[in-house]
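Read through the structure below, which is laid out as structure tokens, and then see the notes.
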Amino acid sequence: TDAAGKPLPAGTLRYQSSAELVNNGVWSTIYGNPKPGGAAPPILPADALMHESSSPRAGSGPAGPLVEPMNAPRFGTAGANASNGHEWNNVAQGDLEYACIFALATPRDDSMTTGTDCYQSDPNDFDPLCQNPDGSYGTTQYFAKGYPGLRELGVLQGLGKNGIVSSICARNTVDVGAPDYGYAAAGNALLEALAPVAK
């Protein structure tokens with residue numbers, strides 16, 4: 001994630017403070033500049049994963065270049081991009097491309113539940129949420145999704161030193177005892193921001 005601090009030992013995760021987000025130029029990466037002034041058009045985030053689009057995008061994110069939809073000849077390439085798996089075709093154009101995906105603690109059978117991500121989806125969607133470990137696709141959902149949260153990021157940027165940014169996608173959903181389990185790092189970032197107030 002772009003908002004994470006310096007690489008830490010495996011199993012740990014720390015999000016940057018509001019001051020670090022400014023000093024390290026993270027806002028231009030995750031949010032861009034929707035109102036640069038004058039007649040200039042909006043400046044998109046440098047991280048292509050943060051572009052809101054219903055069609056596959058091009059460019060790069062923190063895990064490298066975005067990867068085109070993974071169709072049948074490329075079975076076995078599940079998780080080609082560590083952030084969002086890969087782009088998907090979204091044939092019905094009723095959803096957005098994902099900023100990130102994360103493994104469900106327990107895969108879910110969507111075959112009988114309408115309205116779920118993997119229920120009778122178009123076979124040409126190649127949705128990474130529904131991609132089996134062998135690279136094929138089916139009605140079992142293996143991953144949850146996160147969208148580019150530009151509106152939320154705009155609010156957080158406006159809060160200045162009171163804004164805490166973290167990822168909606170949990171990096172670890174299995175090892176309960178690890179420091180990066182679930183949203184523990186987001187809670188730690190909040191506590192770190194509140195520490196000076198508590199003194």
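We label chains A, B, ... in the order they appear in the structure tokens, count residues from 1 in each chain, and number ligands from 1 in the order shown.
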Practice prompt. Any chance you could list, as a list in words, the residues in stretch 8-190 of chain A that come up alpha helix (DSSP H) when DSSP is run on the backbone?
Written response: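 Assigned to alpha helix (DSSP H), within stretch 8-190 of chain A: Ser18, Ala19, Glu20, Leu21, Val22, Asn23, Val26, Trp27, Ser28, Thr29, Ile30, Leu150, Arg151, Glu152, Leu153, Gly154, Val155, Leu156, Gln157, Gly158, Ala184, Ala185, Ala186, Gly187, Asn188, Ala189 and Leu190 of chain A.
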Requested write-out: N, CA and C atoms of the selected residues, as an mmCIF file, in the first residue's frame:
data_model
loop_
_atom_site.group_PDB
_atom_site.id
_atom_site.type_symbol
_atom_site.label_atom_id
_atom_site.label_comp_id
_atom_site.auth_asym_id
_atom_site.auth_seq_id
_atom_site.Cartn_x
_atom_site.Cartn_y
_atom_site.Cartn_z
ATOM 1 N N SER A 18 0.095 11.774 9.209
ATOM 2 C CA SER A 18 -0.342 12.823 8.288
ATOM 3 C C SER A 18 0.839 13.667 7.823
ATOM 4 N N ALA A 19 1.773 13.949 8.718
ATOM 5 C CA ALA A 19 2.956 14.736 8.334
ATOM 6 C C ALA A 19 3.818 13.956 7.337
ATOM 7 N N GLU A 20 3.978 12.665 7.559
ATOM 8 C CA GLU A 20 4.770 11.851 6.641
ATOM 9 C C GLU A 20 4.115 11.773 5.269
ATOM 10 N N LEU A 21 2.794 11.704 5.226
ATOM 11 C CA LEU A 21 2.099 11.666 3.934
ATOM 12 C C LEU A 21 2.423 12.909 3.113
ATOM 13 N N VAL A 22 2.494 14.054 3.784
ATOM 14 C CA VAL A 22 2.827 15.312 3.102
ATOM 15 C C VAL A 22 4.304 15.332 2.736
ATOM 16 N N ASN A 23 5.166 15.080 3.709
ATOM 17 C CA ASN A 23 6.613 15.182 3.494
ATOM 18 C C ASN A 23 7.127 14.194 2.454
ATOM 19 N N VAL A 26 3.068 11.557 -0.655
ATOM 20 C CA VAL A 26 2.142 10.443 -0.873
ATOM 21 C C VAL A 26 0.811 10.898 -1.450
ATOM 22 N N TRP A 27 0.394 12.126 -1.123
ATOM 23 C CA TRP A 27 -0.918 12.575 -1.602
ATOM 24 C C TRP A 27 -0.990 12.605 -3.130
ATOM 25 N N SER A 28 0.085 12.999 -3.788
ATOM 26 C CA SER A 28 0.046 13.021 -5.252
ATOM 27 C C SER A 28 -0.037 11.606 -5.820
ATOM 28 N N THR A 29 0.433 10.637 -5.042
ATOM 29 C CA THR A 29 0.394 9.241 -5.493
ATOM 30 C C THR A 29 -0.994 8.643 -5.328
ATOM 31 N N ILE A 30 -1.638 8.888 -4.187
ATOM 32 C CA ILE A 30 -2.913 8.228 -3.907
ATOM 33 C C ILE A 30 -4.142 9.069 -4.245
ATOM 34 N N LEU A 150 -11.361 7.862 -3.574
ATOM 35 C CA LEU A 150 -10.899 9.232 -3.772
ATOM 36 C C LEU A 150 -11.713 10.248 -2.967
ATOM 37 N N ARG A 151 -12.993 10.066 -2.862
ATOM 38 C CA ARG A 151 -13.800 11.014 -2.088
ATOM 39 C C ARG A 151 -13.409 10.979 -0.622
ATOM 40 N N GLU A 152 -13.207 9.776 -0.109
ATOM 41 C CA GLU A 152 -12.797 9.636 1.289
ATOM 42 C C GLU A 152 -11.404 10.233 1.512
ATOM 43 N N LEU A 153 -10.500 10.000 0.545
ATOM 44 C CA LEU A 153 -9.156 10.554 0.668
ATOM 45 C C LEU A 153 -9.180 12.077 0.629
ATOM 46 N N GLY A 154 -10.067 12.651 -0.174
ATOM 47 C CA GLY A 154 -10.202 14.107 -0.216
ATOM 48 C C GLY A 154 -10.593 14.671 1.143
ATOM 49 N N VAL A 155 -11.508 13.974 1.823
ATOM 50 C CA VAL A 155 -11.912 14.406 3.170
ATOM 51 C C VAL A 155 -10.728 14.294 4.128
ATOM 52 N N LEU A 156 -10.007 13.182 4.070
ATOM 53 C CA LEU A 156 -8.874 12.975 4.977
ATOM 54 C C LEU A 156 -7.759 13.988 4.727
ATOM 55 N N GLN A 157 -7.503 14.314 3.464
ATOM 56 C CA GLN A 157 -6.498 15.328 3.176
ATOM 57 C C GLN A 157 -6.929 16.675 3.749
ATOM 58 N N GLY A 158 -8.212 16.974 3.654
ATOM 59 C CA GLY A 158 -8.734 18.224 4.200
ATOM 60 C C GLY A 158 -8.646 18.309 5.713
ATOM 61 N N ALA A 184 -5.398 -4.065 12.509
ATOM 62 C CA ALA A 184 -4.626 -3.665 13.683
ATOM 63 C C ALA A 184 -3.724 -2.476 13.377
ATOM 64 N N ALA A 185 -3.108 -2.452 12.196
ATOM 65 C CA ALA A 185 -2.199 -1.357 11.843
ATOM 66 C C ALA A 185 -2.947 -0.032 11.731
ATOM 67 N N ALA A 186 -4.192 -0.075 11.248
ATOM 68 C CA ALA A 186 -4.996 1.146 11.169
ATOM 69 C C ALA A 186 -5.302 1.662 12.577
ATOM 70 N N GLY A 187 -5.619 0.756 13.495
ATOM 71 C CA GLY A 187 -5.846 1.149 14.885
ATOM 72 C C GLY A 187 -4.601 1.728 15.512
ATOM 73 N N ASN A 188 -3.448 1.141 15.197
ATOM 74 C CA ASN A 188 -2.186 1.654 15.722
ATOM 75 C C ASN A 188 -1.897 3.061 15.205
ATOM 76 N N ALA A 189 -2.213 3.317 13.929
ATOM 77 C CA ALA A 189 -2.005 4.648 13.350
ATOM 78 C C ALA A 189 -2.873 5.675 14.065
ATOM 79 N N LEU A 190 -4.087 5.284 14.399
ATOM 80 C CA LEU A 190 -4.980 6.186 15.129
ATOM 81 C C LEU A 190 -4.442 6.472 16.528
#
Worksheet entry | Residue list (strand (DSSP E), DSSP) for stretch 100-180 of chain A, as a list of chain:residue names |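 Residues meeting the strand (DSSP E) criterion: A:Cys100, A:Ile101, A:Phe102, A:Ala103, A:Leu104, A:Ala105, A:Thr106, A:Pro107, A:Arg108, A:Asp109, A:Thr140, A:Gln141, A:Tyr142, A:Phe143, A:Ala144, A:Lys145, A:Gly146.
Ranking A:Leu104, A:Gly138, A:Tyr147, A:Ser17 by their shortest atom-to-atom distance to A:Ala195, with only C-alpha atoms included, puts A:Ser17 first.
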Discussion item. Considering only C-alpha atoms, can you say which of A:Ser54, A:Ser60, A:Asn84, A:Asn33 comes closest to A:Gln131?
Written reply: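 Going through A:Ser54, A:Ser60, A:Asn84, A:Asn33 one by one, the smallest distance to A:Gln131 is for A:Asn84.
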Give me, as a tab-separated table, the closest atom pair and its distance (Å, one decimal) for every residue of stretch 58-114 of chain A within a cut-off of 9 Å of stretch 43-53 of chain A, counting only C-alpha atoms, rows sorted by chain and rising number.
residue	atom	partner	partner_atom	distance
A:Ala58	CA	A:Ala48	CA	6.9
A:Gly59	CA	A:Ala48	CA	5.4
A:Ser60	CA	A:Ala48	CA	5.5
A:Gly61	CA	A:Asp47	CA	4.8
A:Pro62	CA	A:Asp47	CA	7.1
A:Pro65	CA	A:Ala48	CA	8.8
A:Leu66	CA	A:Leu49	CA	7.7
A:Ser83	CA	A:Leu49	CA	8.4
A:Asn84	CA	A:Leu49	CA	8.1
A:Asp95	CA	A:Ser53	CA	8.6
A:Leu96	CA	A:Ser53	CA	5.6
A:Glu97	CA	A:Ser53	CA	5.9
A:Tyr98	CA	A:Leu49	CA	7.2
A:Ala99	CA	A:Leu49	CA	4.8
A:Cys100	CA	A:Leu49	CA	7.7
Discussion item. One number please: atom CA of A:Ala92 to atom CA of A:Lys145, in Å, one decimal.
Written reply: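 Straight-line distance from atom CA of A:Ala92 to atom CA of A:Lys145 works out to 17.6 Å.
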Worksheet entry | Straight-line distance linking atom CA of A:Gly160 with atom CA of A:Gly25, stated in Å to one decimal |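 Computed distance, atom CA of A:Gly160 to atom CA of A:Gly25, equals 13.9 Å.
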Need the shell around A:Ser121: protein/DNA/RNA residues with any atom at most 10 Å away, counting only C-alpha atoms. Skip same-chain ones fewer than 3 positions apart. Format as a PDB file with N, CA, C and O atoms, in the first residue's frame?
ATOM      1  N   ASN A  90     -15.146  -6.854 -16.551  1.00  0.00           N
ATOM      2  CA  ASN A  90     -16.332  -6.132 -16.094  1.00  0.00           C
ATOM      3  C   ASN A  90     -17.305  -5.922 -17.266  1.00  0.00           C
ATOM      4  O   ASN A  90     -17.680  -4.800 -17.600  1.00  0.00           O
ATOM      5  N   VAL A  91     -17.690  -7.020 -17.894  1.00  0.00           N
ATOM      6  CA  VAL A  91     -18.472  -6.989 -19.133  1.00  0.00           C
ATOM      7  C   VAL A  91     -19.744  -6.152 -19.007  1.00  0.00           C
ATOM      8  O   VAL A  91     -20.080  -5.359 -19.889  1.00  0.00           O
ATOM      9  N   ALA A  92     -20.462  -6.275 -17.898  1.00  0.00           N
ATOM     10  CA  ALA A  92     -21.717  -5.536 -17.721  1.00  0.00           C
ATOM     11  C   ALA A  92     -21.488  -4.077 -17.347  1.00  0.00           C
ATOM     12  O   ALA A  92     -22.437  -3.287 -17.322  1.00  0.00           O
ATOM     13  N   SER A 111     -22.478 -19.887  -5.426  1.00  0.00           N
ATOM     14  CA  SER A 111     -23.243 -20.501  -6.507  1.00  0.00           C
ATOM     15  C   SER A 111     -24.751 -20.390  -6.313  1.00  0.00           C
ATOM     16  O   SER A 111     -25.495 -20.427  -7.287  1.00  0.00           O
ATOM     17  N   GLY A 115     -26.651 -11.827  -6.212  1.00  0.00           N
ATOM     18  CA  GLY A 115     -26.125 -10.544  -5.767  1.00  0.00           C
ATOM     19  C   GLY A 115     -24.706 -10.599  -5.232  1.00  0.00           C
ATOM     20  O   GLY A 115     -24.142  -9.572  -4.886  1.00  0.00           O
ATOM     21  N   THR A 116     -24.125 -11.779  -5.139  1.00  0.00           N
ATOM     22  CA  THR A 116     -22.743 -11.890  -4.675  1.00  0.00           C
ATOM     23  C   THR A 116     -21.794 -11.757  -5.868  1.00  0.00           C
ATOM     24  O   THR A 116     -22.203 -11.878  -7.019  1.00  0.00           O
ATOM     25  N   ASP A 117     -20.541 -11.511  -5.578  1.00  0.00           N
ATOM     26  CA  ASP A 117     -19.590 -11.205  -6.642  1.00  0.00           C
ATOM     27  C   ASP A 117     -19.384 -12.341  -7.626  1.00  0.00           C
ATOM     28  O   ASP A 117     -19.139 -12.105  -8.814  1.00  0.00           O
ATOM     29  N   CYS A 118     -19.452 -13.581  -7.184  1.00  0.00           N
ATOM     30  CA  CYS A 118     -19.131 -14.708  -8.054  1.00  0.00           C
ATOM     31  C   CYS A 118     -20.353 -15.524  -8.468  1.00  0.00           C
ATOM     32  O   CYS A 118     -20.219 -16.627  -8.996  1.00  0.00           O
ATOM     33  N   ASN A 124     -16.672 -14.165 -19.277  1.00  0.00           N
ATOM     34  CA  ASN A 124     -15.588 -13.364 -19.835  1.00  0.00           C
ATOM     35  C   ASN A 124     -15.149 -12.219 -18.917  1.00  0.00           C
ATOM     36  O   ASN A 124     -14.342 -11.381 -19.301  1.00  0.00           O
ATOM     37  N   ASP A 125     -15.701 -12.180 -17.691  1.00  0.00           N
ATOM     38  CA  ASP A 125     -15.287 -11.153 -16.735  1.00  0.00           C
ATOM     39  C   ASP A 125     -13.849 -11.365 -16.266  1.00  0.00           C
ATOM     40  O   ASP A 125     -13.100 -10.420 -16.082  1.00  0.00           O
ATOM     41  N   PHE A 126     -13.479 -12.626 -16.019  1.00  0.00           N
ATOM     42  CA  PHE A 126     -12.170 -12.961 -15.454  1.00  0.00           C
ATOM     43  C   PHE A 126     -11.920 -12.147 -14.179  1.00  0.00           C
ATOM     44  O   PHE A 126     -10.888 -11.486 -14.027  1.00  0.00           O
ATOM     45  N   ASP A 127     -12.897 -12.214 -13.282  1.00  0.00           N
ATOM     46  CA  ASP A 127     -12.856 -11.455 -12.035  1.00  0.00           C
ATOM     47  C   ASP A 127     -11.866 -12.101 -11.065  1.00  0.00           C
ATOM     48  O   ASP A 127     -12.019 -13.273 -10.707  1.00  0.00           O
ATOM     49  N   CYS A 130     -12.931 -14.263  -8.054  1.00  0.00           N
ATOM     50  CA  CYS A 130     -13.480 -15.598  -8.291  1.00  0.00           C
ATOM     51  C   CYS A 130     -12.456 -16.529  -8.933  1.00  0.00           C
ATOM     52  O   CYS A 130     -12.825 -17.561  -9.497  1.00  0.00           O
ATOM     53  N   TYR A 137     -11.614 -19.930 -13.185  1.00  0.00           N
ATOM     54  CA  TYR A 137     -12.623 -19.098 -12.531  1.00  0.00           C
ATOM     55  C   TYR A 137     -13.864 -19.928 -12.239  1.00  0.00           C
ATOM     56  O   TYR A 137     -14.177 -20.861 -12.962  1.00  0.00           O
ATOM     57  N   GLY A 138     -14.586 -19.568 -11.183  1.00  0.00           N
ATOM     58  CA  GLY A 138     -15.793 -20.294 -10.830  1.00  0.00           C
ATOM     59  C   GLY A 138     -16.688 -19.463  -9.934  1.00  0.00           C
ATOM     60  O   GLY A 138     -16.593 -18.234  -9.901  1.00  0.00           O
ATOM     61  N   THR A 139     -17.560 -20.124  -9.195  1.00  0.00           N
ATOM     62  CA  THR A 139     -18.523 -19.428  -8.339  1.00  0.00           C
ATOM     63  C   THR A 139     -18.082 -19.380  -6.879  1.00  0.00           C
ATOM     64  O   THR A 139     -18.850 -18.974  -6.017  1.00  0.00           O
TER      65      THR A 139
END
For A:Asp180, find every residue with an atom within 8 Å (counting only C-alpha atoms), except residues of its own chain fewer than 3 positions away, and show them as a PDB file with C-alpha atoms, in the first residue's frame.
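Output file around.pdb is given in full below:
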ATOM      1  CA  GLY A  11       4.199  -9.731   9.608  1.00  0.00           C
ATOM      2  CA  THR A  12       4.408  -6.070  10.627  1.00  0.00           C
ATOM      3  CA  LEU A  13       2.775  -3.023   9.080  1.00  0.00           C
ATOM      4  CA  ARG A 171      -2.897  -7.695   4.379  1.00  0.00           C
ATOM      5  CA  ASN A 172      -3.272 -10.650   6.749  1.00  0.00           C
ATOM      6  CA  TYR A 183      -7.001  -3.734  10.716  1.00  0.00           C
ATOM      7  CA  ALA A 184      -4.626  -3.665  13.683  1.00  0.00           C
ATOM      8  CA  ALA A 185      -2.199  -1.357  11.843  1.00  0.00           C
TER       9      ALA A 185
END
Fill in: Pick from A:Thr106, A:Asn132, A:Thr114, A:Asn81, whichever lies nearest to A:Thr173 using only C-alpha atoms
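So, comparing all the options, the nearest one is A:Thr106.
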Fill in: Shell of 6 Å around A:Phe102, only C-alpha atoms, local chain residues under 3 positions omitted, as a ChimeraX atom specification
/A:143-144,169
Now that the selection is made, can you save its residues with N, CA and C atoms as a PDB file, in the first residue's frame?
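Full text of part.pdb as output:
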ATOM      1  N   PHE A 143     -11.554 -13.877  -2.640  1.00  0.00           N
ATOM      2  CA  PHE A 143     -11.024 -12.581  -2.231  1.00  0.00           C
ATOM      3  C   PHE A 143     -12.148 -11.570  -2.024  1.00  0.00           C
ATOM      4  N   ALA A 144     -11.887 -10.577  -1.193  1.00  0.00           N
ATOM      5  CA  ALA A 144     -12.755  -9.404  -1.052  1.00  0.00           C
ATOM      6  C   ALA A 144     -12.057  -8.246  -1.764  1.00  0.00           C
ATOM      7  N   CYS A 169      -7.993  -2.856   2.433  1.00  0.00           N
ATOM      8  CA  CYS A 169      -7.681  -4.273   2.227  1.00  0.00           C
ATOM      9  C   CYS A 169      -6.715  -4.768   3.296  1.00  0.00           C
TER      10      CYS A 169
END
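Using only C-alpha atoms, the nearest neighbour of A:Ser166 within the list A:Ala40, A:Asp134, A:Glu87, A:Gly149 is A:Gly149.
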Worksheet item: Suppose you want the space between atom CA of A:Ala105 and atom CA of A:Ser136; what is it in Å?
Response: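 These atoms are spaced 19.8 Å apart.
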